[in-house]
Structures are given as C-alpha cells and as structure tokens.
Amino acid sequence: MSDRMSPTDNNIEYVTATIGGQLFGLPISGVQDVFMPERLTRVPLAAPEFAGMLNLRGRIVTAIDMRLRLGLPPAEEGRPRMAIGIESKGESYGLLIDTIGEVMKLLAASREGNPVNLDARLTRVSAGVHRLDGSLLVVLDVDRVLDVGAHAEAA
Amino acid sequence: MDELLRDFLTETHESIDVVDVELVRFEQEPNNAQILGRIFRLVHTIKGTCGFLNLPRLEALTHAAEALIGNFRDGAPVTSESVSLILTTIDRIKVLLDELERNQAEQAGNDQDLIELLGRAAARVSGAAPAAPEAQPPASAPSAAAEAPATNAGKPARPKADAAARPSEEGADGLAARKSIRVHVDTLEQLMTMVSELVLTRNQLLEIVRRHEDSEFKAPLQRLSNVTAELQEGVMKTRMQPIGNAWQKLPRIVRDLSNELGKPIEFEMHGAETELDRQVLDLIKDPLTHMVRNSADHGIEQPAARQAAGKPEKGTIRLSAWHEGGHIIIEIADDGRGLDAQRIKATAVARGLASEAEIEKMPDAQAFKFIFAPGFSTASKVTNVSGRGVGLDVVRSNIDQIGGTVDVKSVPGRGTSFAIKIPLTLAIVSALIVEAGGDRFAIPQLAVVELVRVRANSEHRIERIKDAAVLRLRNKLLPLVTLKSMLKVAEGGDDTKSAFIVVMQVGSQTFGVVVDAVFHTEEIVVKPMCSRLRNIALFGGNTILGDGSVIMIIDPNGLANAIGSSAAAQHAAENAREIEQRTEDASKESLLVFRAGSPQPKAVHLSLVTRLEEIDAKTIEGADGRLMVQYRGQLMPLVLVNEDVRIKEKGVQPLLVFADEGRSMGLIVDEIVDIVEERLRIELASQRPGVLGSAIVKGQATEVVDIAHYLPLAFEDWLAWAGGRTDRSPVRVLLIDDAPFFRNMLAPVLKAAGYAVTPVASGQEALALFEGGERFDIVVTDLDMPGMDGFDFTAAVRSNPRTAAVPVIGLSSLASPETIERGRKVGLHDYVAKFDRQGLIAALKEQTAEVDRAA
C-alpha cells in the first residue's frame, strides 16, 4: 500500500481550533479562510447558535457560534474571537471559535471512530477523532455542524 | 455545437410551441384561414430548414404533416383525429429535436409509422382516398416498407399552398427580425448580476460622499448614480417577458386532457401580455401547469354530471393575469363542482391536521387551505393526471419560494378559483431602512404607503382598544404592531409615546409598523436568506448596505400574516375603521337592534339596511342548497345570521334586506327589536366571522354584525377577485407613457399608493378619453413621446375649458432648465424624474391635496 501511494495521500491536513478548551480539526480542503468576525448583524427570531450575518469581502456569511452549538456557555464579553470560513451548498458560513491553532498534518489511517465515552455533544458534530500526545483532536463534520436545530431540545 | 444548428434548434422549439397552441385553436375554429396559414408556414419553415441542414428524418416527417395541413388549406374538413395526428407528429418532432440537441446529429431511426398515417389521412381528406377506408387506430403502425406511395399521396396539394404562404411570411417576419435580436439568457443573467454589483458599489460611494460635506466627487457621482439607475431599469426591462410565454403549452395540455378524460373543456386565457421577470416566469411555469391540470381533472365534472346540475356540458377553465401593486396576480378559475368542504374536513381530521372540535367550528374557506398540506388528496381515485397526493403542496412551496402567496376560493357546484400572487421581480428593490431595538432593517418600499411621526400631543396619536394599539390617522383607525416586539429584539413594554410609524399595505391589509427610527431609502439587491434561516417568515432575504453592513429584509407578506393571521379579523378591523369614521362625523349612530339565534341582542348600522321586511315563511324556497324568496319580481338569496337561527315554519319571517349595486340579499333574523340612537364605541376583539365586535347599546352588550361577511355568502360571484370593494372612490389618475414597460411598472406603484390608474399609450388616446366624457383628477404624462409629446398634450389639455383645471405632472428622464421652463409655459404643475417613484407619489399627494382644497 505504501509503495503505491505518495506520502501526501496518506496525510490529511487539518486547520485546528480550540472551543471551550477542546481541540477540533477541519480538513484544510474545506476551509475557505480564517478571519476576525466584525460587525455582526444579529438575526432576530433565529436559534441562538446563529451569531449573525457579516459581510466578508462582498459575500454574506452566516456566523455560527460554536460554543453554543456544542452546548457550552457563551464566550465572555469582549474577548476577541476568530472565525473559520467554510462553504456548504453554495452558501458561506463562519464558525466562531475561541482560538485558531496551527495546521496539523496527520495520518489519514490514524483517524478513529468516535470513542464510546466521547461527550454526546461532541459526538453530534464529530466525524471521528485523532489521538494526539495526551490529547484528542475531534474532526468536525461540517454538515452536522450546520444542521442547527436538529437537536435543539437536547442542547 | 454548430452555430447554425443551435439557431435552428432555438427557432424550431419556439415554432413548435406556437404550432401546438395554434392547432388547438384551429380545431375550434376550422374555418379560420389565418390560423391555418400560420400553422402551415411554421411547419413549412421547419421543413425547409431541415432540408438545408441535412436532417432527413425531420424533413420526411414535417413533409408528411405539411401535406395533411395543406389539404386543410384546400378546404378539406378538419377532424379531431387529424388534429390529434398532427399533434402526435409534433410530439415526435420534439423527441427528434431533443435527440438532435443531445447528440448534435440526427439519430438513425424510422418514423414510417407516423408518415404512413399522415399520408393516409391526407389522402382521405383530400378525397382521393385510395388506401384507407377503414378506421385508423394510431396503434396499428404499418411496416416500414409500404409507406412510400402514401407519402406521395399528399404531395399534389403542396405547391399551391407554398406559393400562397411565401409572400406574407416574408413581409411579416422580415420586419420583426430587423427590430429584435436573439441574446442568450446567460448573457442577460450575467448582465443583471453585474448591474446588481454596480448598484451596491454605487451605494457605497454615495455613502462615502455623504460623509464629506463638499466633495468634488459629488457632481460626477450624482451623474454616475443616475446612469446606474437607468442602466438598472434597462436591464430589468430586458428581463421582462409576457406571462403568455409560460402559458404556451397549456391549451395543448387542456385539449389532450379533455380528450383523455372525455370532458369537453373550454380554455380561456386573459392578460397573456402581462409582463414579469423571466426568472419569476420560469419558476411559476410548473406550478401553473399543475394547477390547470388539477382544474381539468378534479374541478370540471363529467358532461353528464354537468347537465344534471343544469350547467352547460362544456366546462370552462379561465386563466387570467393582471398587475396589482408591484405584484402579478394569476387566477385559475373553473366552473366545476367546487371543493368538497366536508370531505376536506374529514380528511384533515383523519390526517391529524386538525382536531374534530377545531374542524367543527372552522369556516369552509379556512378548511380549503388544507388542500395545500403535504400529501393531502381527497381524490377518491387516482387518475393518470392527478390525485396521487403530490401536487398542491409542491405548488405552494414553489410559490412560497419566490415570495408569492396562493389562495383558494370555492363555491359548491359553482367552481373553484385559485389566485397566485407573486412579485414582478426578485432582483432589485427599493427599500426603506428603519431601526428597531438597535438593529437596522430594510422594508421593501413597494409595501410602504406612508410614514407617520407620532408625538404625545400631535394630531396623530396612538390609542388603545383593549390590548390592541391603533393609530388614528385621518379619521381612520389603523391596527399597529411594534417591529421590536414582532422580532423579539427588545424586552419590556412598547414605548409608543413618540415613534415613527411605517404605514404598510399588503394585499387588502393596511397596518402600521412602529419603528424606533427611519433613515433613508436605498436600492438593495435582494440576496436569499441562508437556507438554514429560511424558516423565519418575517424575513424575505438579506443584503449588504452601502456602508458595508449586512441587513435583514422584512418580508411584508410574512409580517402581514403574522399580524392578521385570519383574514376575517382584518376585515373586521377594516369595517371597524369605517364605523369609527362615522362615529367621528356624527357622534350618534342609528342602529337597528335585532335578535338572531341567541338572547343577546345584535345590531347593525341602520344606514346599511335598505329595508325591513316581513315575508310569509311559506314563500321561502330552497334551491340548489340555498335559500331564496321571490321578492319584488326577482329571486333574492337569503342568509342566516348564524346556524342557531330557526326559520319559522309558518307565519311571518322578519328579514333585513341589503341592497348593493343592484343586488339584494335578505338576512334572516328571529326578531327585529328596536331602532336606537347611540354613540357607538366598538370593541375590536372579535375573531368570529360576521361579527365586527361588541358595543354597549342601551346598557346592554350587543354584537355589531359585519354585513360584508354575508354578501359573499349570498352571491357567489363575489368569488371573483377583481373587485367588489366598495371603498370611497379613490383619486383617478390618467397615466400616459408610450413605453409599456413604464406603464406596467408605474401603474402598480400608483395603485399600491391608493390611486385608481388608467394607463394609456399616447396623448391622443388620453385626449380621446377626455373627449369621451371620462373624468380624471390628475394626469401623469411622459414628456418624451413620439407623435404628440407631453408638452403638446399639456397645452391641449389647458386649451380645453373642460379639462383646463386638471393638474398635469410631467415625467422625464432628462430635466434640463430649458425643459422645465417649457413645461411651465404650457402649464405643467409639477415635474418628476422618470425613475423617482417616491417623488412621483409625493407630487401626486401634493397636487391632489390642492385639488381637494379647491373643491
């Protein structure tokens, strides 16, 4: 197997971020950009996870507060936040996270299914995990992250 | 693809659609030589081009069809079978064209079956009839070998027809060709996107310049802004298409259905020239087709049933379209059996859409809405055409998607009518930017009637009737809502001591929206809401403002629905307004007090009652499930105030007779009690149909009855949407513009603002109207028109003593000092730039106010 595949095919590059102390990863291929969310317009009547809309270079981006999406308490006021820009079905979304981390190159084969003891709130949005030295990187499943409201009661 | 081939395909597709429609018409009017001529020419053109492009299959097929049509031209009798045969041939041609489009070459294959049939039909109708005296079922397709002579049999008729067709063809088409060119739809779409972006950029520039007092950019930017606006209008114009384009296939569909189902159906189309944005047009094509099929299948009964019901054997489906307030209304009406309220209610309960208790109290009109629920079908048998439970829900979701609404009305035994209301365009709208709860929102200007500033001591003040806030505006009461609380963006009570009220009109609903602040209007490019947020009905989209921030666009329909979820409540409010107004005029009201169904007294305004009558109970007749009485030589329909009213078996039955525009209706009551003079204060709370609200009359709580509720119960032709409203007569505006586009754009805007608009295309037409004795309160005219321009027209109006006093407002895209001076000389009252709709409405208000003062 290794002699037929180049090393890069074996690796997945992840943009990593921390949300509420937990490390998450998004495959870099799905990430459009990383930006500081500014001038958010809130959307009345929307679920609280929808942090609002913003204009990113002429595109309208829907911002989703990942802390609330994961059922965590809201971030402290005034703390600067970052957003990871992704696209789904032709629409732009920004996932609001606490801090952005480095880009990690991990072996595709080292991805595992969700451990049974993984927090249910994480299981909902996880597409598997990578075990790192002393910590766990949860791979975000974008479709499920965007499926806000599907588990509104549980959260 | 080969350029030539592509042009051929586009052109042929269009021609074929036309042939479809024309053939159906032809079947009904077989003696109309003009239609036949057109069909012949189209088929002939296709055939000719096929030969040129080397498409032998198509050529052979069109050739055979042409031969048959040629025989008709020579006077052969037209039969339904032969038209069917030609239609089948056209279907085959379509299949071939599709293959051609996919593969860019004609597929090998054989059409001898059809050619044979066509040949035989041609031979038979031309009287030669060597081959086929036996019936010709289309299924018995003969083998490929034996067809050649048959094809030829049609030939002799052809050359003559050819010669006749040619000259007129070139005369008409040649002229049209020089005036229009084909542009690919994608090109227009791209143009539109770019204009949208240009508008956004222009807005941003304007915003920047607004912040700098005297910038040298100001003048050129103003120019840029105007050019952008004109460009935008121009591009929008290229996208406008007559709705008839979406209707083209319908006559054929109805015809086929009519044959298939064995029901003769007349299909009428009105207003096919009504224009709307092609994007919208594309989106409504399928829903419309579906609804027409539905009417043919479910709506129209079998001929026997129709005869039994005393109706003409031939059913009618009427499709009409017209503009109304920035929207287009499309109505599909049939004169069939109507919706079965009982069955719908039963199905609704069975499917758990409503409880038995709810259903029992539910008026039929409300129950009819269930037919739009997913998977809802009451059709007892599944037909090839419909009844499979997919349908109206899809129709509604399609219409919802483009911000439209669909409504249904039905009278048992008389028919059903659907009204679809959709916006003319989805792309760019003018919007009012307001603030509520610290956020800004955009309200589409088309729905905004006016703005009112309210202060504690001003003449406009907010009053409360029970829990509902209302605005007293020019002696009318407007229901009010607070945008903050609708959007749940602010806690605590509504602070309405000092506020701005945006008066909005959506359909027949008028209401005030309280906002914290009003900024400016801005042209915005509507971008759809993120799909995950589309469930919020109050927003119709979002956009980026000139200052770069994102803003939510309020959906007026959503807002209106959220306010008056029941149309009846809104109607009651409307009537209450009228009553309030009378209360103002004469503080005391004459009321007729009566009892009906309950000991609690009911009242109605005496001025609305035409007569009080007592009739012999025995003369009441039931006909067609409705109550009637012979009254003054006519049959007068009778309506019960409510189900609890008992019609007397014998003796005298008291009636209240209402007459409206030549029609009378009797309202059956138990007892007429009294006529009282009372200062009426109506509490507006009633949700019940037929009741305006309650008031204290002579110390007793009394229900005030809403007569408007009962009129439609008596007269099914109130079913028609078009009119029937008995408002005070609105200001009559005569709108003159040679461009249909502007007439179509401006007329709805003015109508939405409450004016009665008569659009005409030229000054001569307008003068002819005046000459014919028509009266208008005000004239709005384009100044640059071919022939008699706006200045000449104004001069003519001024010189006639009868019309000299009518104010004239001029519209122009170019306002130079010279033209303004010239306008003043001929007697123009006001001058408005052509694209400035708000300015126009303001000017109209000002001028009509002056007329009122003068009168």
# chains A, B, ... in the order shown; residues from 1 in each chain; ligands from 1
call {"tool": "interface_residues", "arguments": {"of": "chain A", "to": "chain B", "cutoff": "8 Å", "atoms": "only C-alpha atoms", "output": "PyMOL selection string"}}
result
chain A and resi 39-46+53-55+58+60+62+91+146-148
call {"tool": "write_last_selection", "arguments": {"atoms": "C-alpha atoms", "output": "compact mmCIF listing (two decimals), in the first residue's frame"}}
result
# COMPACT_ATOMS: atom_id res chain seq x y z
CA ARG A 39 -19.83 43.97 12.51
CA LEU A 40 -22.08 41.04 13.06
CA THR A 41 -25.73 41.71 12.30
CA ARG A 42 -27.84 39.61 14.55
CA VAL A 43 -30.77 37.68 13.16
CA PRO A 44 -33.88 38.08 15.29
CA LEU A 45 -36.04 35.00 15.80
CA ALA A 46 -33.21 32.68 14.78
CA MET A 53 -24.56 37.76 9.48
CA LEU A 54 -21.49 39.60 8.29
CA ASN A 55 -20.06 40.96 5.09
CA GLY A 58 -18.90 41.32 -0.54
CA ILE A 60 -22.81 37.45 3.12
CA THR A 62 -23.73 33.30 8.31
CA GLU A 91 -23.55 29.36 0.93
CA LEU A 146 -24.59 23.29 10.16
CA ASP A 147 -27.62 21.21 10.98
CA VAL A 148 -28.58 23.64 13.70
call {"tool": "residues_around", "arguments": {"residues": "Leu319 in chain B", "least_positions_apart": "2", "cutoff": "9 Å", "atoms": "only C-alpha atoms", "output": "list in words"}}
result
Phe267, Glu268, Met269, His270, Gly271, Ala272, Val292, Ile317, Ala321, Ile330, Glu331, Ile332, Ala333 and Asp334 of chain B
call {"tool": "atom_distance", "arguments": {"atom1": "CA of Ile736 in chain B", "atom2": "CA of Glu821 in chain B"}}
result
20.9 Å
call {"tool": "select_by_dssp", "arguments": {"residues": "chain A", "states": "alpha helix (DSSP H)", "output": "PyMOL selection string"}}
result
chain A and resi 7-10+66-69+120-123+142-146
call {"tool": "write_last_selection", "arguments": {"atoms": "N, CA and C atoms", "output": "mmCIF file, in the first residue's frame"}}
result
data_model
loop_
_atom_site.group_PDB
_atom_site.id
_atom_site.type_symbol
_atom_site.label_atom_id
_atom_site.label_comp_id
_atom_site.auth_asym_id
_atom_site.auth_seq_id
_atom_site.Cartn_x
_atom_site.Cartn_y
_atom_site.Cartn_z
ATOM 1 N N PRO A 7 3.362 9.849 0.062
ATOM 2 C CA PRO A 7 3.142 10.144 1.475
ATOM 3 C C PRO A 7 2.029 11.174 1.694
ATOM 4 N N THR A 8 1.890 12.129 0.762
ATOM 5 C CA THR A 8 0.874 13.168 0.990
ATOM 6 C C THR A 8 -0.532 12.589 0.938
ATOM 7 N N ASP A 9 -0.726 11.549 0.138
ATOM 8 C CA ASP A 9 -2.054 10.948 0.059
ATOM 9 C C ASP A 9 -2.448 10.306 1.373
ATOM 10 N N ASN A 10 -1.451 9.964 2.105
ATOM 11 C CA ASN A 10 -1.700 9.307 3.368
ATOM 12 C C ASN A 10 -2.034 10.276 4.480
ATOM 13 N N MET A 66 -19.873 28.418 17.742
ATOM 14 C CA MET A 66 -19.595 27.011 18.002
ATOM 15 C C MET A 66 -19.745 26.664 19.477
ATOM 16 N N ARG A 67 -19.503 27.648 20.363
ATOM 17 C CA ARG A 67 -19.669 27.347 21.792
ATOM 18 C C ARG A 67 -21.125 26.956 22.052
ATOM 19 N N LEU A 68 -22.041 27.762 21.532
ATOM 20 C CA LEU A 68 -23.455 27.452 21.757
ATOM 21 C C LEU A 68 -23.847 26.193 21.000
ATOM 22 N N ARG A 69 -23.253 26.018 19.831
ATOM 23 C CA ARG A 69 -23.568 24.835 19.017
ATOM 24 C C ARG A 69 -23.198 23.563 19.774
ATOM 25 N N ALA A 120 -21.562 13.395 24.466
ATOM 26 C CA ALA A 120 -22.626 13.312 23.453
ATOM 27 C C ALA A 120 -22.682 14.579 22.606
ATOM 28 N N ARG A 121 -22.386 15.708 23.231
ATOM 29 C CA ARG A 121 -22.466 16.968 22.485
ATOM 30 C C ARG A 121 -21.420 17.006 21.385
ATOM 31 N N LEU A 122 -20.271 16.338 21.658
ATOM 32 C CA LEU A 122 -19.222 16.294 20.641
ATOM 33 C C LEU A 122 -19.541 15.245 19.577
ATOM 34 N N THR A 123 -20.091 14.135 20.018
ATOM 35 C CA THR A 123 -20.424 13.056 19.082
ATOM 36 C C THR A 123 -21.328 13.571 17.971
ATOM 37 N N VAL A 142 -18.812 19.000 8.945
ATOM 38 C CA VAL A 142 -19.406 20.304 8.631
ATOM 39 C C VAL A 142 -20.927 20.215 8.463
ATOM 40 N N ASP A 143 -21.388 19.206 7.746
ATOM 41 C CA ASP A 143 -22.829 19.094 7.517
ATOM 42 C C ASP A 143 -23.590 19.021 8.832
ATOM 43 N N ARG A 144 -23.012 18.256 9.754
ATOM 44 C CA ARG A 144 -23.735 18.109 11.016
ATOM 45 C C ARG A 144 -23.639 19.370 11.853
ATOM 46 N N VAL A 145 -22.495 20.044 11.758
ATOM 47 C CA VAL A 145 -22.364 21.304 12.498
ATOM 48 C C VAL A 145 -23.435 22.282 12.029
ATOM 49 N N LEU A 146 -23.651 22.311 10.704
ATOM 50 C CA LEU A 146 -24.591 23.292 10.157
ATOM 51 C C LEU A 146 -26.042 22.896 10.383
#
call {"tool": "residues_around", "arguments": {"residues": "Asp119 in chain A", "least_positions_apart": "4", "cutoff": "12 Å", "atoms": "only C-alpha atoms", "output": "PyMOL selection string"}}
result
chain A and resi 22+70-72+114-115+123-126+138
call {"tool": "select_by_dssp", "arguments": {"residues": "range 96-148 of chain A", "states": "strand (DSSP E or B)", "output": "PDB file with N, CA and C atoms, in the first residue's frame"}}
result
ATOM      1  N   LEU A  96     -17.602  30.418  14.577  1.00  0.00           N
ATOM      2  CA  LEU A  96     -16.917  31.219  15.583  1.00  0.00           C
ATOM      3  C   LEU A  96     -16.265  30.287  16.594  1.00  0.00           C
ATOM      4  N   ILE A  97     -14.958  30.464  16.769  1.00  0.00           N
ATOM      5  CA  ILE A  97     -14.208  29.594  17.671  1.00  0.00           C
ATOM      6  C   ILE A  97     -13.470  30.463  18.687  1.00  0.00           C
ATOM      7  N   THR A  99      -9.949  30.089  19.777  1.00  0.00           N
ATOM      8  CA  THR A  99      -8.633  30.439  19.241  1.00  0.00           C
ATOM      9  C   THR A  99      -8.338  29.528  18.066  1.00  0.00           C
ATOM     10  N   ILE A 100      -7.559  30.059  17.148  1.00  0.00           N
ATOM     11  CA  ILE A 100      -7.185  29.262  15.991  1.00  0.00           C
ATOM     12  C   ILE A 100      -5.823  28.621  16.298  1.00  0.00           C
ATOM     13  N   GLY A 101      -5.666  27.399  15.878  1.00  0.00           N
ATOM     14  CA  GLY A 101      -4.395  26.724  16.160  1.00  0.00           C
ATOM     15  C   GLY A 101      -3.576  26.556  14.900  1.00  0.00           C
ATOM     16  N   GLU A 102      -2.556  25.719  14.984  1.00  0.00           N
ATOM     17  CA  GLU A 102      -1.694  25.512  13.819  1.00  0.00           C
ATOM     18  C   GLU A 102      -2.363  24.534  12.851  1.00  0.00           C
ATOM     19  N   VAL A 103      -1.781  24.430  11.661  1.00  0.00           N
ATOM     20  CA  VAL A 103      -2.257  23.425  10.716  1.00  0.00           C
ATOM     21  C   VAL A 103      -1.516  22.123  11.017  1.00  0.00           C
ATOM     22  N   MET A 104      -2.234  21.040  11.214  1.00  0.00           N
ATOM     23  CA  MET A 104      -1.613  19.763  11.581  1.00  0.00           C
ATOM     24  C   MET A 104      -1.737  18.792  10.432  1.00  0.00           C
ATOM     25  N   LYS A 105      -0.645  18.086  10.188  1.00  0.00           N
ATOM     26  CA  LYS A 105      -0.678  17.051   9.158  1.00  0.00           C
ATOM     27  C   LYS A 105      -0.743  15.715   9.887  1.00  0.00           C
ATOM     28  N   LEU A 106      -1.814  14.978   9.692  1.00  0.00           N
ATOM     29  CA  LEU A 106      -1.984  13.722  10.421  1.00  0.00           C
ATOM     30  C   LEU A 106      -2.220  12.582   9.443  1.00  0.00           C
ATOM     31  N   LEU A 107      -1.828  11.412   9.860  1.00  0.00           N
ATOM     32  CA  LEU A 107      -2.028  10.225   9.027  1.00  0.00           C
ATOM     33  C   LEU A 107      -3.523   9.921   8.905  1.00  0.00           C
ATOM     34  N   ARG A 111      -7.096   8.102  11.893  1.00  0.00           N
ATOM     35  CA  ARG A 111      -8.408   8.577  12.331  1.00  0.00           C
ATOM     36  C   ARG A 111      -9.242   7.400  12.835  1.00  0.00           C
ATOM     37  N   GLU A 112      -9.872   7.594  13.991  1.00  0.00           N
ATOM     38  CA  GLU A 112     -10.691   6.533  14.575  1.00  0.00           C
ATOM     39  C   GLU A 112     -12.139   6.983  14.653  1.00  0.00           C
ATOM     40  N   SER A 126     -19.126  15.254  15.343  1.00  0.00           N
ATOM     41  CA  SER A 126     -17.810  14.693  15.086  1.00  0.00           C
ATOM     42  C   SER A 126     -17.831  13.696  13.939  1.00  0.00           C
ATOM     43  N   ALA A 127     -16.764  13.753  13.137  1.00  0.00           N
ATOM     44  CA  ALA A 127     -16.611  12.770  12.062  1.00  0.00           C
ATOM     45  C   ALA A 127     -15.469  11.824  12.411  1.00  0.00           C
ATOM     46  N   GLY A 128     -15.165  11.691  13.685  1.00  0.00           N
ATOM     47  CA  GLY A 128     -14.073  10.824  14.123  1.00  0.00           C
ATOM     48  C   GLY A 128     -13.043  11.611  14.932  1.00  0.00           C
ATOM     49  N   VAL A 129     -12.045  10.916  15.432  1.00  0.00           N
ATOM     50  CA  VAL A 129     -11.036  11.594  16.270  1.00  0.00           C
ATOM     51  C   VAL A 129      -9.647  11.128  15.859  1.00  0.00           C
ATOM     52  N   HIS A 130      -8.698  11.970  16.195  1.00  0.00           N
ATOM     53  CA  HIS A 130      -7.288  11.563  16.114  1.00  0.00           C
ATOM     54  C   HIS A 130      -6.726  11.645  17.531  1.00  0.00           C
ATOM     55  N   ARG A 131      -6.019  10.581  17.938  1.00  0.00           N
ATOM     56  CA  ARG A 131      -5.379  10.630  19.259  1.00  0.00           C
ATOM     57  C   ARG A 131      -4.024  11.286  19.094  1.00  0.00           C
ATOM     58  N   LEU A 132      -3.799  12.381  19.827  1.00  0.00           N
ATOM     59  CA  LEU A 132      -2.504  13.053  19.796  1.00  0.00           C
ATOM     60  C   LEU A 132      -1.815  12.770  21.116  1.00  0.00           C
ATOM     61  N   SER A 135      -3.712  14.302  24.099  1.00  0.00           N
ATOM     62  CA  SER A 135      -4.978  14.998  23.862  1.00  0.00           C
ATOM     63  C   SER A 135      -5.703  14.359  22.676  1.00  0.00           C
ATOM     64  N   LEU A 136      -6.882  14.883  22.424  1.00  0.00           N
ATOM     65  CA  LEU A 136      -7.733  14.291  21.407  1.00  0.00           C
ATOM     66  C   LEU A 136      -8.124  15.396  20.422  1.00  0.00           C
ATOM     67  N   LEU A 137      -7.986  15.121  19.126  1.00  0.00           N
ATOM     68  CA  LEU A 137      -8.451  16.098  18.141  1.00  0.00           C
ATOM     69  C   LEU A 137      -9.758  15.568  17.550  1.00  0.00           C
ATOM     70  N   VAL A 138     -10.811  16.346  17.720  1.00  0.00           N
ATOM     71  CA  VAL A 138     -12.119  15.930  17.199  1.00  0.00           C
ATOM     72  C   VAL A 138     -12.293  16.523  15.803  1.00  0.00           C
ATOM     73  N   VAL A 139     -12.517  15.671  14.818  1.00  0.00           N
ATOM     74  CA  VAL A 139     -12.707  16.150  13.444  1.00  0.00           C
ATOM     75  C   VAL A 139     -14.161  16.594  13.290  1.00  0.00           C
ATOM     76  N   LEU A 140     -14.349  17.843  12.866  1.00  0.00           N
ATOM     77  CA  LEU A 140     -15.714  18.365  12.744  1.00  0.00           C
ATOM     78  C   LEU A 140     -16.352  17.892  11.436  1.00  0.00           C
TER      79      LEU A 140
END
call {"tool": "residues_around", "arguments": {"residues": "range 76-89 of chain B", "least_positions_apart": "2", "cutoff": "9 Å", "atoms": "only C-alpha atoms", "output": "PyMOL selection string"}}
result
chain B and resi 19-20+23-24+26-27+30-31+61-62+65+68-74+91-94+114-115+117-118+121-122+125-127+138+252+256
call {"tool": "atom_distance", "arguments": {"atom1": "CA of Pro287 in chain B", "atom2": "CA of Asp186 in chain B"}}
result
23.5 Å
call {"tool": "atom_distance", "arguments": {"atom1": "CA of Phe370 in chain B", "atom2": "CA of Arg306 in chain B"}}
result
26.0 Å
call {"tool": "residues_around", "arguments": {"residues": "Gly690 in chain B", "least_positions_apart": "5", "cutoff": "8 Å", "atoms": "only C-alpha atoms", "output": "compact mmCIF listing (two decimals) with N, CA and C atoms, in the first residue's frame"}}
result
# COMPACT_ATOMS: atom_id res chain seq x y z
N VAL B 641 -78.14 34.53 9.87
CA VAL B 641 -77.10 35.24 10.62
C VAL B 641 -76.14 34.22 11.22
N VAL B 705 -72.92 43.45 13.88
CA VAL B 705 -72.80 42.48 12.80
C VAL B 705 -72.09 43.09 11.60
N ASP B 706 -71.25 42.30 10.97
CA ASP B 706 -70.48 42.72 9.80
C ASP B 706 -71.19 42.27 8.54
N ILE B 707 -71.86 43.19 7.88
CA ILE B 707 -72.65 42.83 6.71
C ILE B 707 -71.76 42.32 5.59
N ALA B 708 -70.56 42.88 5.51
CA ALA B 708 -69.66 42.48 4.42
C ALA B 708 -69.38 40.98 4.44
N HIS B 709 -69.51 40.37 5.60
CA HIS B 709 -69.27 38.93 5.68
C HIS B 709 -70.37 38.14 4.97
N TYR B 710 -71.59 38.69 4.99
CA TYR B 710 -72.71 37.90 4.47
C TYR B 710 -72.93 38.05 2.98
call {"tool": "closest_residue", "arguments": {"among": "B:Glu356, B:Glu14, B:Glu207, B:Glu643", "to": "Leu221 in chain B", "atoms": "only C-alpha atoms"}}
result
B:Glu207
